[in-house]
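Participant: This is the content of my_file26.pdb (PDB, C-alpha atoms):
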ATOM      1  CA  MET Z  26      16.820  -1.029 -10.540
ATOM      2  CA  ARG Z  27      19.371  -2.479  -8.150
ATOM      3  CA  ARG Z  28      19.098  -4.388  -4.908
ATOM      4  CA  LEU Z  29      21.099  -2.752  -2.130
ATOM      5  CA  PHE Z  30      19.805  -4.852   0.783
ATOM      6  CA  PRO Z  31      19.778  -7.625   1.807
ATOM      7  CA  VAL Z  32      23.370  -8.163   0.792
ATOM      8  CA  THR Z  33      23.962 -11.377  -1.160
ATOM      9  CA  ASP Z  34      27.113 -12.897  -2.631
ATOM     10  CA  GLN Z  35      26.345 -10.997  -5.819
ATOM     11  CA  THR Z  36      25.619  -7.646  -4.222
ATOM     12  CA  ALA Z  37      28.775  -7.933  -2.123
ATOM     13  CA  THR Z  38      30.914  -8.599  -5.224
ATOM     14  CA  THR Z  39      31.318  -4.918  -6.059
ATOM     15  CA  GLY Z  40      30.608  -3.415  -2.672
ATOM     16  CA  SER Z  41      33.435  -0.915  -3.122
ATOM     17  CA  GLY Z  42      33.069  -0.505  -6.859
ATOM     18  CA  GLY Z  43      30.447  -0.621  -9.543
ATOM     19  CA  GLY Z  44      27.344  -1.347  -7.460
ATOM     20  CA  PRO Z  45      25.143  -4.331  -6.593
ATOM     21  CA  LEU Z  46      23.167  -6.825  -8.609
ATOM     22  CA  GLY Z  47      20.230  -5.672 -10.689
ATOM     23  CA  ALA Z  48      17.717  -8.445  -9.924
ATOM     24  CA  PRO Z  49      16.915 -10.981  -7.216
ATOM     25  CA  GLY Z  50      18.349 -14.455  -7.511
ATOM     26  CA  GLU Z  51      20.400 -13.854 -10.671
ATOM     27  CA  GLY Z  52      24.103 -14.000 -11.366
ATOM     28  CA  GLY Z  53      25.864 -12.124 -14.097
ATOM     29  CA  ASP Z  54      27.197  -8.601 -13.996
ATOM     30  CA  ALA Z  55      26.907  -7.294 -10.466
ATOM     31  CA  ALA Z  56      26.874  -3.721 -11.748
ATOM     32  CA  GLU Z  57      23.776  -4.342 -13.867
ATOM     33  CA  ASP Z  58      21.067  -1.742 -13.431
ATOM     34  CA  ARG Z  59      17.916  -2.521 -15.394
ATOM     35  CA  GLU Z  60      14.132  -2.496 -15.203
ATOM     36  CA  TRP Z  61      12.853  -5.416 -13.187
ATOM     37  CA  SER Z  62      10.010  -7.531 -14.511
ATOM     38  CA  LEU Z  63       6.699  -7.559 -12.660
ATOM     39  CA  ASP Z  64       7.368 -11.178 -11.658
ATOM     40  CA  GLU Z  65      10.648 -10.152 -10.043
ATOM     41  CA  LEU Z  66       8.952  -7.313  -8.203
ATOM     42  CA  ALA Z  67       6.164  -9.645  -7.083
ATOM     43  CA  GLU Z  68       8.721 -12.026  -5.608
ATOM     44  CA  ALA Z  69      10.553  -9.171  -3.895
ATOM     45  CA  TYR Z  70       7.319  -7.846  -2.346
ATOM     46  CA  ALA Z  71       5.539 -11.138  -1.622
ATOM     47  CA  TYR Z  72       3.417 -11.167   1.514
ATOM     48  CA  PRO Z  73       4.862 -13.343   4.295
ATOM     49  CA  GLN Z  74       3.695 -16.927   4.406
ATOM     50  CA  ALA Z  75       0.774 -17.395   6.798
ATOM     51  CA  ARG Z  76       1.602 -19.402   9.880
ATOM     52  CA  SER Z  77      -0.249 -22.588  10.702
ATOM     53  CA  GLY Z  78      -3.765 -22.153  12.021
ATOM     54  CA  GLU Z  79      -6.076 -19.252  11.325
ATOM     55  CA  PRO Z  80      -4.293 -16.803   9.001
ATOM     56  CA  ARG Z  81      -3.965 -13.307  10.457
ATOM     57  CA  PRO Z  82      -4.478 -10.217   8.307
ATOM     58  CA  TRP Z  83      -1.188  -8.540   7.340
ATOM     59  CA  LEU Z  84      -1.461  -4.772   6.920
ATOM     60  CA  ARG Z  85       1.056  -3.181   4.576
ATOM     61  CA  ALA Z  86       1.283   0.531   3.758
ATOM     62  CA  ASN Z  87       2.698   2.017   0.577
ATOM     63  CA  MET Z  88       3.731   5.670   0.689
ATOM     64  CA  VAL Z  89       6.141   8.099  -0.968
ATOM     65  CA  SER Z  90       8.096  10.901   0.691
ATOM     66  CA  THR Z  91      10.603  13.534  -0.390
ATOM     67  CA  LEU Z  92      13.953  13.974   1.347
ATOM     68  CA  ASP Z  93      12.447  16.704   3.505
ATOM     69  CA  GLY Z  94       9.459  14.617   4.527
ATOM     70  CA  ALA Z  95       6.704  15.797   2.161
ATOM     71  CA  ALA Z  96       4.158  13.132   1.227
ATOM     72  CA  GLN Z  97       2.515  15.363  -1.407
ATOM     73  CA  HIS Z  98       3.139  18.332  -3.644
ATOM     74  CA  ASP Z  99       0.225  20.625  -4.444
ATOM     75  CA  GLY Z 100      -2.006  18.138  -2.621
ATOM     76  CA  ARG Z 101      -1.127  15.071  -4.700
ATOM     77  CA  SER Z 102       1.512  12.340  -4.529
ATOM     78  CA  GLN Z 103       2.062  12.005  -8.292
ATOM     79  CA  PRO Z 104       4.538  14.920  -8.634
ATOM     80  CA  ILE Z 105       7.012  13.213  -6.272
ATOM     81  CA  SER Z 106       6.642   9.750  -7.796
ATOM     82  CA  THR Z 107       8.478   8.064 -10.678
ATOM     83  CA  ALA Z 108       7.902   5.289 -13.204
ATOM     84  CA  ALA Z 109       9.597   2.700 -10.978
ATOM     85  CA  ASP Z 110       7.465   3.829  -8.042
ATOM     86  CA  MET Z 111       4.354   3.292 -10.145
ATOM     87  CA  ARG Z 112       5.521  -0.196 -11.154
ATOM     88  CA  ILE Z 113       5.881  -1.068  -7.478
ATOM     89  CA  PHE Z 114       2.522   0.604  -6.767
ATOM     90  CA  GLY Z 115       0.903  -1.657  -9.370
ATOM     91  CA  THR Z 116       2.715  -4.724  -8.055
ATOM     92  CA  LEU Z 117       1.567  -4.137  -4.492
ATOM     93  CA  ARG Z 118      -2.000  -3.793  -5.730
ATOM     94  CA  GLY Z 119      -1.560  -6.950  -7.790
ATOM     95  CA  LEU Z 120      -0.642  -8.877  -4.633
ATOM     96  CA  ALA Z 121      -3.309  -7.471  -2.293
ATOM     97  CA  ASP Z 122      -6.770  -8.777  -1.417
ATOM     98  CA  VAL Z 123      -8.004  -5.295  -0.601
ATOM     99  CA  VAL Z 124      -6.733  -1.717  -0.837
ATOM    100  CA  VAL Z 125      -7.697   0.387   2.207
ATOM    101  CA  VAL Z 126      -7.911   4.125   1.641
ATOM    102  CA  GLY Z 127      -9.296   7.152   3.442
ATOM    103  CA  ALA Z 128     -12.285   9.058   2.077
ATOM    104  CA  GLU Z 129     -10.279  12.288   1.738
ATOM    105  CA  THR Z 130      -7.703  10.521  -0.417
ATOM    106  CA  VAL Z 131     -10.500   9.102  -2.570
ATOM    107  CA  ARG Z 132     -11.731  12.634  -3.171
ATOM    108  CA  LEU Z 133      -8.317  14.270  -3.710
ATOM    109  CA  GLU Z 134      -6.694  11.573  -5.834
ATOM    110  CA  GLY Z 135      -9.782  10.713  -7.879
ATOM    111  CA  TYR Z 136      -9.691   7.041  -6.930
ATOM    112  CA  ARG Z 137     -10.941   4.520  -9.433
ATOM    113  CA  PRO Z 138     -11.596   0.791  -8.922
ATOM    114  CA  ALA Z 139      -8.618  -1.530  -9.156
ATOM    115  CA  ARG Z 140      -8.372  -3.325 -12.481
ATOM    116  CA  ALA Z 141      -7.497  -6.908 -13.313
ATOM    117  CA  ARG Z 142      -4.062  -7.270 -14.872
ATOM    118  CA  ALA Z 143      -3.093 -10.232 -17.003
ATOM    119  CA  GLU Z 144       0.422 -10.224 -15.501
ATOM    120  CA  PHE Z 145      -0.987 -11.129 -12.075
ATOM    121  CA  ALA Z 146      -3.893 -13.367 -13.146
ATOM    122  CA  ALA Z 147      -2.164 -16.724 -12.611
ATOM    123  CA  ARG Z 148      -0.597 -15.626  -9.340
ATOM    124  CA  ARG Z 149      -3.936 -14.381  -7.987
ATOM    125  CA  ALA Z 150      -5.806 -17.485  -9.118
ATOM    126  CA  ALA Z 151      -3.255 -19.748  -7.422
ATOM    127  CA  ALA Z 152      -3.658 -17.741  -4.195
ATOM    128  CA  GLY Z 153      -7.472 -17.983  -4.364
ATOM    129  CA  GLN Z 154      -7.857 -14.237  -4.884
ATOM    130  CA  ALA Z 155     -10.409 -12.304  -6.929
ATOM    131  CA  PRO Z 156      -9.185 -11.016 -10.314
ATOM    132  CA  ALA Z 157      -8.506  -7.599  -8.755
ATOM    133  CA  PRO Z 158      -8.331  -6.272  -5.206
ATOM    134  CA  ALA Z 159     -11.376  -4.663  -3.683
ATOM    135  CA  VAL Z 160     -11.095  -1.043  -2.562
ATOM    136  CA  ALA Z 161     -12.171  -0.392   1.039
ATOM    137  CA  VAL Z 162     -12.956   3.260   1.815
ATOM    138  CA  VAL Z 163     -12.644   4.363   5.443
ATOM    139  CA  THR Z 164     -15.188   7.079   6.203
ATOM    140  CA  ALA Z 165     -16.950   8.450   9.273
ATOM    141  CA  GLY Z 166     -19.767  10.321   7.554
ATOM    142  CA  LEU Z 167     -20.106   8.518   4.209
ATOM    143  CA  ASP Z 168     -19.643  11.865   2.483
ATOM    144  CA  LEU Z 169     -18.896  10.210  -0.849
ATOM    145  CA  ASP Z 170     -20.009  10.643  -4.441
ATOM    146  CA  PHE Z 171     -21.661   7.334  -5.232
ATOM    147  CA  SER Z 172     -21.867   8.185  -8.931
ATOM    148  CA  LEU Z 173     -18.089   7.733  -9.277
ATOM    149  CA  PRO Z 174     -16.739   4.667 -11.140
ATOM    150  CA  LEU Z 175     -15.336   3.406  -7.821
ATOM    151  CA  PHE Z 176     -18.942   2.599  -6.902
ATOM    152  CA  THR Z 177     -20.704   2.248 -10.248
ATOM    153  CA  SER Z 178     -18.302   0.001 -12.148
ATOM    154  CA  PRO Z 179     -15.829  -1.866  -9.936
ATOM    155  CA  LEU Z 180     -14.706  -5.342 -10.960
ATOM    156  CA  VAL Z 181     -15.001  -6.322  -7.294
ATOM    157  CA  PRO Z 182     -17.635  -4.531  -5.159
ATOM    158  CA  THR Z 183     -16.236  -1.582  -3.227
ATOM    159  CA  LEU Z 184     -16.262  -1.882   0.560
ATOM    160  CA  ILE Z 185     -17.048   0.961   2.943
ATOM    161  CA  LEU Z 186     -15.670   0.827   6.474
ATOM    162  CA  THR Z 187     -17.612   3.065   8.837
ATOM    163  CA  GLY Z 188     -19.046   3.304  12.345
ATOM    164  CA  ALA Z 189     -22.327   2.001  13.712
ATOM    165  CA  ALA Z 190     -23.658   5.509  14.369
ATOM    166  CA  VAL Z 191     -23.423   6.717  10.771
ATOM    167  CA  ALA Z 192     -26.611   8.194   9.286
ATOM    168  CA  PRO Z 193     -28.910   5.406   8.031
ATOM    169  CA  ASP Z 194     -29.782   7.292   4.848
ATOM    170  CA  ARG Z 195     -26.094   7.396   3.854
ATOM    171  CA  VAL Z 196     -25.765   3.672   4.486
ATOM    172  CA  ALA Z 197     -28.828   3.079   2.315
ATOM    173  CA  ALA Z 198     -27.352   5.266  -0.445
ATOM    174  CA  ALA Z 199     -24.081   3.341  -0.327
ATOM    175  CA  ARG Z 200     -25.817  -0.015  -0.548
ATOM    176  CA  LYS Z 201     -28.033   1.209  -3.371
ATOM    177  CA  ALA Z 202     -24.867   2.148  -5.265
ATOM    178  CA  GLY Z 203     -23.631  -1.436  -4.896
ATOM    179  CA  ALA Z 204     -21.094  -0.930  -2.107
ATOM    180  CA  LYS Z 205     -20.787  -3.336   0.811
ATOM    181  CA  VAL Z 206     -20.967  -1.465   4.134
ATOM    182  CA  VAL Z 207     -18.825  -2.938   6.918
ATOM    183  CA  ILE Z 208     -19.238  -1.670  10.486
ATOM    184  CA  ALA Z 209     -15.873  -1.235  12.213
ATOM    185  CA  GLY Z 210     -16.625   1.060  15.150
ATOM    186  CA  ASP Z 211     -19.278   1.768  17.757
ATOM    187  CA  GLY Z 212     -19.571   5.507  17.046
ATOM    188  CA  THR Z 213     -19.416   7.372  13.755
ATOM    189  CA  GLY Z 214     -15.701   6.735  13.283
ATOM    190  CA  VAL Z 215     -13.727   3.635  12.403
ATOM    191  CA  GLU Z 216     -11.546   1.866  14.949
ATOM    192  CA  PRO Z 217      -8.363   0.776  13.124
ATOM    193  CA  ALA Z 218      -7.985  -2.580  14.874
ATOM    194  CA  ARG Z 219     -11.629  -3.428  14.208
ATOM    195  CA  ALA Z 220     -11.236  -2.456  10.567
ATOM    196  CA  VAL Z 221      -8.375  -4.926  10.175
ATOM    197  CA  GLN Z 222     -10.328  -7.619  11.997
ATOM    198  CA  ALA Z 223     -13.465  -6.990   9.937
ATOM    199  CA  LEU Z 224     -11.552  -7.312   6.665
ATOM    200  CA  GLY Z 225      -9.937 -10.501   7.933
ATOM    201  CA  ALA Z 226     -13.366 -11.896   8.775
ATOM    202  CA  LEU Z 227     -14.330 -11.347   5.130
ATOM    203  CA  GLY Z 228     -11.359 -13.451   4.056
ATOM    204  CA  HIS Z 229      -9.071 -10.530   3.217
ATOM    205  CA  THR Z 230      -5.695 -11.256   4.816
ATOM    206  CA  ARG Z 231      -3.390  -9.395   2.408
ATOM    207  CA  LEU Z 232      -4.180  -5.779   3.209
ATOM    208  CA  LEU Z 233      -2.661  -2.723   1.556
ATOM    209  CA  THR Z 234      -3.249   0.857   2.603
ATOM    210  CA  GLU Z 235      -2.261   3.764   0.360
ATOM    211  CA  GLY Z 236      -3.165   6.482   2.859
ATOM    212  CA  GLY Z 237      -3.770   9.211   3.198
ATOM    213  CA  PRO Z 238      -1.541  10.414   6.004
ATOM    214  CA  ARG Z 239      -4.388  10.733   8.498
ATOM    215  CA  LEU Z 240      -5.468   7.127   7.988
ATOM    216  CA  LEU Z 241      -1.910   5.816   8.147
ATOM    217  CA  GLY Z 242      -1.379   7.764  11.361
ATOM    218  CA  GLN Z 243      -4.418   6.053  12.866
ATOM    219  CA  PHE Z 244      -3.097   2.617  11.923
ATOM    220  CA  VAL Z 245       0.307   3.485  13.413
ATOM    221  CA  ALA Z 246      -1.203   4.823  16.639
ATOM    222  CA  ALA Z 247      -3.338   1.683  17.001
ATOM    223  CA  GLY Z 248      -0.287  -0.554  16.558
ATOM    224  CA  VAL Z 249      -1.802  -2.559  13.706
ATOM    225  CA  LEU Z 250       0.614  -1.669  10.890
ATOM    226  CA  ASP Z 251       2.790  -4.672  10.021
ATOM    227  CA  GLU Z 252       4.818  -3.302   7.133
ATOM    228  CA  LEU Z 253       5.747  -0.022   5.458
ATOM    229  CA  CYS Z 254       6.825   0.177   1.819
ATOM    230  CA  LEU Z 255       8.332   3.648   1.532
ATOM    231  CA  THR Z 256       9.633   5.310  -1.604
ATOM    232  CA  VAL Z 257      12.141   8.049  -0.793
ATOM    233  CA  ALA Z 258      12.183  10.557  -3.655
ATOM    234  CA  PRO Z 259      15.441  12.492  -4.202
ATOM    235  CA  MET Z 260      13.551  15.775  -4.102
ATOM    236  CA  LEU Z 261      13.201  18.782  -1.804
ATOM    237  CA  THR Z 262       9.916  20.688  -1.697
ATOM    238  CA  ALA Z 263       9.944  22.744   1.527
ATOM    239  CA  GLY Z 264       6.488  24.192   2.232
ATOM    240  CA  ASP Z 265       3.997  22.713   4.661
ATOM    241  CA  ALA Z 266       2.983  19.493   2.900
ATOM    242  CA  GLN Z 267       1.773  16.600   5.048
ATOM    243  CA  ARG Z 268       4.091  13.837   6.192
ATOM    244  CA  ILE Z 269       3.234  10.231   5.319
ATOM    245  CA  ALA Z 270       1.514   9.790   8.692
ATOM    246  CA  GLY Z 271      -0.453  12.425  10.602
ATOM    247  CA  GLY Z 272      -2.458  12.786  13.775
ATOM    248  CA  PRO Z 273      -1.367  12.462  17.414
ATOM    249  CA  SER Z 274       2.089  11.051  18.079
ATOM    250  CA  VAL Z 275       2.565   7.655  19.710
ATOM    251  CA  ALA Z 276       3.798   7.519  23.301
ATOM    252  CA  VAL Z 277       6.924   5.570  22.355
ATOM    253  CA  PRO Z 278       8.393   5.571  18.824
ATOM    254  CA  GLN Z 279       7.810   2.240  17.107
ATOM    255  CA  ARG Z 280      10.937   0.536  15.777
ATOM    256  CA  PHE Z 281      10.664  -1.312  12.456
ATOM    257  CA  ALA Z 282      13.311  -3.533  10.828
ATOM    258  CA  LEU Z 283      14.629  -3.040   7.295
ATOM    259  CA  GLU Z 284      13.496  -5.943   5.122
ATOM    260  CA  SER Z 285      14.828  -4.855   1.737
ATOM    261  CA  LEU Z 286      16.167  -1.824  -0.123
ATOM    262  CA  LEU Z 287      16.086  -1.194  -3.874
ATOM    263  CA  GLU Z 288      17.359   1.793  -5.866
ATOM    264  CA  GLU Z 289      16.701   3.299  -9.264
ATOM    265  CA  GLU Z 290      17.779   6.728 -10.523
ATOM    266  CA  GLY Z 291      18.323   7.952  -6.980
ATOM    267  CA  PHE Z 292      14.898   6.830  -5.721
ATOM    268  CA  LEU Z 293      15.079   4.427  -2.767
ATOM    269  CA  PHE Z 294      12.426   1.752  -2.367
ATOM    270  CA  CYS Z 295      12.441   0.694   1.282
ATOM    271  CA  ARG Z 296      10.539  -2.157   2.849
ATOM    272  CA  TYR Z 297      10.275  -2.131   6.643
ATOM    273  CA  ARG Z 298       8.383  -4.592   8.825
ATOM    274  CA  ARG Z 299       7.479  -4.882  12.460
ATOM    275  CA  PRO Z 300      10.055  -7.144  14.210
TER     276      PRO Z 300
END
Once you've parsed the file, please lay out its structure as structure tokens.
Facilitator:
Amino acid sequence: MRRLFPVTDQTATTGSGGGPLGAPGEGGDAAEDREWSLDELAEAYAYPQARSGEPRPWLRANMVSTLDGAAQHDGRSQPISTAADMRIFGTLRGLADVVVVGAETVRLEGYRPARARAEFAARRAAAGQAPAPAVAVVTAGLDLDFSLPLFTSPLVPTLILTGAAVAPDRVAAARKAGAKVVIAGDGTGVEPARAVQALGALGHTRLLTEGGPRLLGQFVAAGVLDELCLTVAPMLTAGDAQRIAGGPSVAVPQRFALESLLEEEGFLFCRYRRP
């Protein structure tokens, strides 16, 4: 893996030649291309420092897309991913308080509870975090299988974000399964801004959403997405696969600023944030 942006003294050394430095903050051979450690990735993807006063939740998305804009192949993201993408996926989870995901993605991807990883234990303890991030499922109708491990055996209780008008028997079933139900809307659906606020009220300020596209589109439309970590896969799929964000378009395109850019084997790992 190599850092392409931001440009440092080391990355600029071979700007017209062998390529940039292989790891953050190191000297040595500027053309080095190697596997980064999880600590190096954690530093590269650290959440921004909270400003003084009441910390505000920071919502980060992590998605993968092909060159022609497909977020999935045959309904799943795994075929367009890579080992480096999965290392970053694990790192982002290792840094988050909670992983926010749509109910359809839970069903399609076979979501399981996040696990504690020894590599992130000290970092999480120092930040006052639980051993693993909670998973928060966004659902309007609570049409979920509560016998899945996500509900029966999570290290940290699974959260369910839903609306106030959801059927009471489904709420009761969720609570019986051990999930914590959080109301984030007045109707049956979830209001994105209220979801972020509700998670913040529970002490979760480092938020990570992994989709799906419909949920990410809702966060974009509501203007509550702070950061996008996007893996660009050097693949073409054609077809009619979903983009990383779906739903109605925004009135004015939202401009994000490039924070960092990494590369490995042709895959680009982009980090964009709201200015």
Participant: Which residues of range 199-294 of chain Z come within 9 Å of range 97-107 of chain Z, and what is each one's closest atom pair and distance in Å (one decimal), counting only C-alpha atoms, sorted by chain and residue number, as JSON lines?
Facilitator:
{"residue": "Z:Thr256", "atom": "CA", "partner": "Z:Ser106", "partner_atom": "CA", "distance": 8.2}
{"residue": "Z:Ala258", "atom": "CA", "partner": "Z:Ile105", "partner_atom": "CA", "distance": 6.4}
{"residue": "Z:Pro259", "atom": "CA", "partner": "Z:Ile105", "partner_atom": "CA", "distance": 8.7}
{"residue": "Z:Met260", "atom": "CA", "partner": "Z:Ile105", "partner_atom": "CA", "distance": 7.4}
{"residue": "Z:Thr262", "atom": "CA", "partner": "Z:His98", "partner_atom": "CA", "distance": 7.4}
{"residue": "Z:Gly264", "atom": "CA", "partner": "Z:His98", "partner_atom": "CA", "distance": 8.9}
{"residue": "Z:Ala266", "atom": "CA", "partner": "Z:Gln97", "partner_atom": "CA", "distance": 6.0}
{"residue": "Z:Gln267", "atom": "CA", "partner": "Z:Gln97", "partner_atom": "CA", "distance": 6.6}
{"residue": "Z:Arg268", "atom": "CA", "partner": "Z:Gln97", "partner_atom": "CA", "distance": 7.9}
{"residue": "Z:Ile269", "atom": "CA", "partner": "Z:Gln97", "partner_atom": "CA", "distance": 8.5}
{"residue": "Z:Phe292", "atom": "CA", "partner": "Z:Thr107", "partner_atom": "CA", "distance": 8.2}
Participant: Out of Z:Asp58, Z:Asp64, Z:Asp170, Z:Asp211, which residue has the shortest atom-to-atom distance to Glu144 in chain Z when counting all atoms listed in the file?
Facilitator: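 Under the stated criterion, the closest residue is Z:Asp64.
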Participant: For CA of Glu284 in chain Z and CA of Gln74 in chain Z, determine how far apart the two atoms are, in Å to one decimal place.
Facilitator: 14.7 Å
Participant: Taking a cut-off of 6 Å and counting all atoms listed in the file, can you build a table that, for each residue of range 188-281 of chain Z near range 122-139 of chain Z, reports the nearest atom pair and how far apart they are in Å (one decimal), sorted by chain then residue number, as JSON lines?
Facilitator:
{"residue": "Z:His229", "atom": "CA", "partner": "Z:Asp122", "partner_atom": "CA", "distance": 5.5}
{"residue": "Z:Arg231", "atom": "CA", "partner": "Z:Asp122", "partner_atom": "CA", "distance": 5.1}
{"residue": "Z:Leu232", "atom": "CA", "partner": "Z:Val123", "partner_atom": "CA", "distance": 5.4}
{"residue": "Z:Leu233", "atom": "CA", "partner": "Z:Val124", "partner_atom": "CA", "distance": 4.8}
{"residue": "Z:Thr234", "atom": "CA", "partner": "Z:Val125", "partner_atom": "CA", "distance": 4.5}
{"residue": "Z:Glu235", "atom": "CA", "partner": "Z:Val126", "partner_atom": "CA", "distance": 5.8}
{"residue": "Z:Gly236", "atom": "CA", "partner": "Z:Val126", "partner_atom": "CA", "distance": 5.4}
{"residue": "Z:Gly237", "atom": "CA", "partner": "Z:Thr130", "partner_atom": "CA", "distance": 5.5}
{"residue": "Z:Leu240", "atom": "CA", "partner": "Z:Gly127", "partner_atom": "CA", "distance": 5.9}
Participant: Using all atoms listed in the file, give me every residue within 9 Å of (-7.5, -4.3, -10.9) in file coordinates, as a list in words.
Facilitator: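 Nearby residues: Gly115, Arg118, Gly119, Pro138, Ala139, Arg140, Ala141, Arg142, Pro156, Ala157, Pro158, Ala159, Pro179, Leu180 and Val181 of chain Z.
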Participant: Could you write out the selected residues, including C-alpha atoms, as an mmCIF file, in the coordinates of the input?
Facilitator:
data_model
loop_
_atom_site.group_PDB
_atom_site.id
_atom_site.type_symbol
_atom_site.label_atom_id
_atom_site.label_comp_id
_atom_site.auth_asym_id
_atom_site.auth_seq_id
_atom_site.Cartn_x
_atom_site.Cartn_y
_atom_site.Cartn_z
ATOM 1 C CA GLY Z 115 0.903 -1.657 -9.370
ATOM 2 C CA ARG Z 118 -2.000 -3.793 -5.730
ATOM 3 C CA GLY Z 119 -1.560 -6.950 -7.790
ATOM 4 C CA PRO Z 138 -11.596 0.791 -8.922
ATOM 5 C CA ALA Z 139 -8.618 -1.530 -9.156
ATOM 6 C CA ARG Z 140 -8.372 -3.325 -12.481
ATOM 7 C CA ALA Z 141 -7.497 -6.908 -13.313
ATOM 8 C CA ARG Z 142 -4.062 -7.270 -14.872
ATOM 9 C CA PRO Z 156 -9.185 -11.016 -10.314
ATOM 10 C CA ALA Z 157 -8.506 -7.599 -8.755
ATOM 11 C CA PRO Z 158 -8.331 -6.272 -5.206
ATOM 12 C CA ALA Z 159 -11.376 -4.663 -3.683
ATOM 13 C CA PRO Z 179 -15.829 -1.866 -9.936
ATOM 14 C CA LEU Z 180 -14.706 -5.342 -10.960
ATOM 15 C CA VAL Z 181 -15.001 -6.322 -7.294
#
Participant: For a cutoff of 10 Å around the file-coordinate point (10.7, -5.3, -9.5), which residues qualify once you count only C-alpha atoms? I'd like the result as a list of chain:residue names.
Facilitator: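 Residues with an atom close enough to that point: Z:Met26, Z:Arg27, Z:Arg28, Z:Gly47, Z:Ala48, Z:Pro49, Z:Arg59, Z:Glu60, Z:Trp61, Z:Ser62, Z:Leu63, Z:Asp64, Z:Glu65, Z:Leu66, Z:Ala67, Z:Glu68, Z:Ala69, Z:Tyr70, Z:Ala109, Z:Asp110, Z:Arg112, Z:Ile113, Z:Thr116, Z:Leu287.
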Participant: Convert the current residue selection to file output with C-alpha atoms, as a PDB file, in the coordinates of the input.
Facilitator:
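The resulting part03.pdb:
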ATOM      1  CA  MET Z  26      16.820  -1.029 -10.540  1.00  0.00           C
ATOM      2  CA  ARG Z  27      19.371  -2.479  -8.150  1.00  0.00           C
ATOM      3  CA  ARG Z  28      19.098  -4.388  -4.908  1.00  0.00           C
ATOM      4  CA  GLY Z  47      20.230  -5.672 -10.689  1.00  0.00           C
ATOM      5  CA  ALA Z  48      17.717  -8.445  -9.924  1.00  0.00           C
ATOM      6  CA  PRO Z  49      16.915 -10.981  -7.216  1.00  0.00           C
ATOM      7  CA  ARG Z  59      17.916  -2.521 -15.394  1.00  0.00           C
ATOM      8  CA  GLU Z  60      14.132  -2.496 -15.203  1.00  0.00           C
ATOM      9  CA  TRP Z  61      12.853  -5.416 -13.187  1.00  0.00           C
ATOM     10  CA  SER Z  62      10.010  -7.531 -14.511  1.00  0.00           C
ATOM     11  CA  LEU Z  63       6.699  -7.559 -12.660  1.00  0.00           C
ATOM     12  CA  ASP Z  64       7.368 -11.178 -11.658  1.00  0.00           C
ATOM     13  CA  GLU Z  65      10.648 -10.152 -10.043  1.00  0.00           C
ATOM     14  CA  LEU Z  66       8.952  -7.313  -8.203  1.00  0.00           C
ATOM     15  CA  ALA Z  67       6.164  -9.645  -7.083  1.00  0.00           C
ATOM     16  CA  GLU Z  68       8.721 -12.026  -5.608  1.00  0.00           C
ATOM     17  CA  ALA Z  69      10.553  -9.171  -3.895  1.00  0.00           C
ATOM     18  CA  TYR Z  70       7.319  -7.846  -2.346  1.00  0.00           C
ATOM     19  CA  ALA Z 109       9.597   2.700 -10.978  1.00  0.00           C
ATOM     20  CA  ASP Z 110       7.465   3.829  -8.042  1.00  0.00           C
ATOM     21  CA  ARG Z 112       5.521  -0.196 -11.154  1.00  0.00           C
ATOM     22  CA  ILE Z 113       5.881  -1.068  -7.478  1.00  0.00           C
ATOM     23  CA  THR Z 116       2.715  -4.724  -8.055  1.00  0.00           C
ATOM     24  CA  LEU Z 287      16.086  -1.194  -3.874  1.00  0.00           C
TER      25      LEU Z 287
END
Participant: Quick one: which residues end up in the PyMOL selection byres ((chain Z and resi 192-194) around 12) for this structure, as a VMD selection string?
Facilitator: chain Z and resid 164 to 168 187 to 191 195 to 201 206 212 to 214
Participant: Any idea what's packed within 7 Å of Ala270 in chain Z, counting all atoms listed in the file, ignoring anything in its chain fewer than 2 positions away? Could you give it as a JSON list (two decimals) with C-alpha atoms, in the frame of the given file?
Facilitator:
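part-v6.json written:
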[["chain", "number", "residue", "atom", "x", "y", "z"],
["Z", 238, "PRO", "CA", -1.54, 10.41, 6.00],
["Z", 239, "ARG", "CA", -4.39, 10.73, 8.50],
["Z", 241, "LEU", "CA", -1.91, 5.82, 8.15],
["Z", 242, "GLY", "CA", -1.38, 7.76, 11.36],
["Z", 268, "ARG", "CA", 4.09, 13.84, 6.19]]
Participant: CA of Pro31 in chain Z and CA of Pro80 in chain Z are how many Å apart?
Facilitator: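 Between these atoms lies a distance of 26.7 Å.
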Participant: Find, counting only C-alpha atoms, the residue in Z:Phe294, Z:Trp83, Z:Phe145, Z:Phe30 that gets nearest to Glu252 in chain Z.
Facilitator: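 Nearest candidate to Glu252 in chain Z out of Z:Phe294, Z:Trp83, Z:Phe145, Z:Phe30: Z:Trp83.
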